[in-house]
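> Please read through the structure below; I'll follow up with questions.
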Amino acid sequence: MQALIFTDLDGTLMDHETYSIEPARQVLDQIAASDTPLIFNSSKTRAEIISLQQQLNLHCPFICENGAALYNYKEPDYSGPTTYGPAIESWLGKVHDMRAERGYRFDGFSDWSIAEVSKHTGLSQSESALAKKREFSEPIQWHDSQEALEEFQQELTALQLQLLEGGRFYSVQGIYDKSTAMHWLMSREANQNKIIVALGDGPNDHAMLNAADVAVIIKSAKSSRIQLDSPSRVIRSSEPGPEGWQAAMSKILAQLNSAELSNQENTHG
């Protein structure tokens with residue numbers, strides 16, 4: 001059996017604090033050697049994901065900014081993305097005007113310098129510069145009351161925007177999620193009879209996980225809140241981050257390989 005793998009990055013494939021992927025390196029190499037599609041489906045920007053793919057020598061499509069756009073890394077100029085949300089420049093000013101008029105207390109990436117993004121995220125200066133290259137979404141930290149948060153969400157709805165909770169920030173963005181582009185890719189692979197595997201650790205991963213055949217919920221501070229009803233199999237890792245990712249994917253790939261071997265044996269009698 002072949003798999004089509006969708007994975008979140010921060011807190012899932014990457015350690016929540018250090019952003020290291022090294023504990024998952026063995027399985028990543030195994031996946032790369034098998035030509036199994038590994039599709040990053042992350043809140044990270046296009047620039048961040050391209051940089052990571054280059055480091056890992058991966059050449060798969062990827063989904064950025066919580067499902068805002070699907071890019072094909074094989075295209076040398078990265079032109080012609082499939083987009084699912086409005087560009088940030090079309091609405092960010094309106095959100096900032098709303099903040100000023102209503103007195104909401106929050107700040108986000110567009111307010112921060114590269115050094116401040118680094119302070120809030122733990123990313124290096126160069127990584128923070130890539131993280132600030134946002135095209136569709138604005139990660140924010142909320143400093144106001146729960147009541148004000150609910151009012152803010154209602155006002156965003158009137159602008160055809162939403163507030164999505166991630167592992168570290170809230171994200172102001174259009175009406176889409178991590179399953180939107182995922183479904184389009186799945187439709188392209190529908191005749192390939194592939195098992196859809198998804199891995200994530202936070203509330204913003206819910207739609208992606210619920211669209212999979214096999215959903216892996218990576219242990220995190222917010223993972224217990226993820227409740228799924230659609231996948232045929234749900235796995236909860238006992239370890240967080242890349243350790244949990246490696247353990248879960250090792251088992252899944254071994255089971256898929258066993259099923260493939262069994263099918264070959266049955267075919268050849």
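Order determines the names: the first chain of the structure tokens is A, the second B, and so forth; residues in each chain are numbered 1 upward, and ligands are numbered 1 upward as they are shown.
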Name all residues at most 6 Å from region 165-171 of chain A (count only C-alpha atoms; drop same-chain ones fewer than 2 positions away) and give them as a list in words.
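Here the qualifying residues turn out to be Glu138, Pro139, Ile140, Gln141, Leu163, Gly202, Pro203 and Asn204 of chain A.
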> Select, from A:Gly200, A:Gly11, A:Gly174, A:Gly241, the residue with the minimum atom-to-atom distance to Ala69 (chain A), counting only C-alpha atoms.
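Distance minimum relative to Ala69 (chain A) lands on A:Gly174.
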> Can you list every residue in region 29-236 of chain A that DSSP puts in strand (DSSP E or B), as a PyMOL selection string?
chain A and resi 38-41+61-64+69-72+82-83+106-108+138-142+161-165+170-174+195-200+214-219+233-236
> Quick one: residues within 9 Å of Phe106 (chain A), only C-alpha atoms counted, chain neighbours fewer than 2 positions away excluded, as a PyMOL selection string?
chain A and resi 99+104+108+140-144
> Considering only C-alpha atoms, return as a PyMOL selection string whatever protein or nucleic-acid residues lie within 8 Å of Cys64 (chain A), sequence-local ones (same chain, fewer than 6 positions apart) excluded.
chain A and resi 40-46+49+70
> Just to be explicit: take each residue in the selection above, keep N, CA and C atoms, and write the result as a short mmCIF file (atom, residue, chain, number, x, y, z; two decimals), in the first residue's frame.

data_model
loop_
_atom_site.label_atom_id
_atom_site.label_comp_id
_atom_site.auth_asym_id
_atom_site.auth_seq_id
_atom_site.Cartn_x
_atom_site.Cartn_y
_atom_site.Cartn_z
N PHE A 40 4.16 19.10 3.39
CA PHE A 40 4.11 19.99 4.54
C PHE A 40 2.83 20.82 4.45
N ASN A 41 2.08 20.83 5.55
CA ASN A 41 0.81 21.55 5.63
C ASN A 41 0.85 22.36 6.92
N SER A 42 1.30 23.59 6.81
CA SER A 42 1.79 24.32 7.97
C SER A 42 1.29 25.76 8.00
N SER A 43 1.39 26.36 9.19
CA SER A 43 1.14 27.80 9.32
C SER A 43 2.33 28.61 8.84
N LYS A 44 3.45 27.97 8.56
CA LYS A 44 4.64 28.67 8.10
C LYS A 44 4.41 29.29 6.72
N THR A 45 5.26 30.27 6.40
CA THR A 45 5.15 30.96 5.12
C THR A 45 5.75 30.12 3.99
N ARG A 46 5.44 30.56 2.78
CA ARG A 46 6.04 29.93 1.60
C ARG A 46 7.56 29.98 1.69
N ILE A 49 8.95 27.39 4.19
CA ILE A 49 8.83 25.99 3.77
C ILE A 49 9.79 25.68 2.64
N LEU A 70 -1.45 26.45 -2.08
CA LEU A 70 -0.76 25.23 -2.45
C LEU A 70 0.29 25.58 -3.50
#
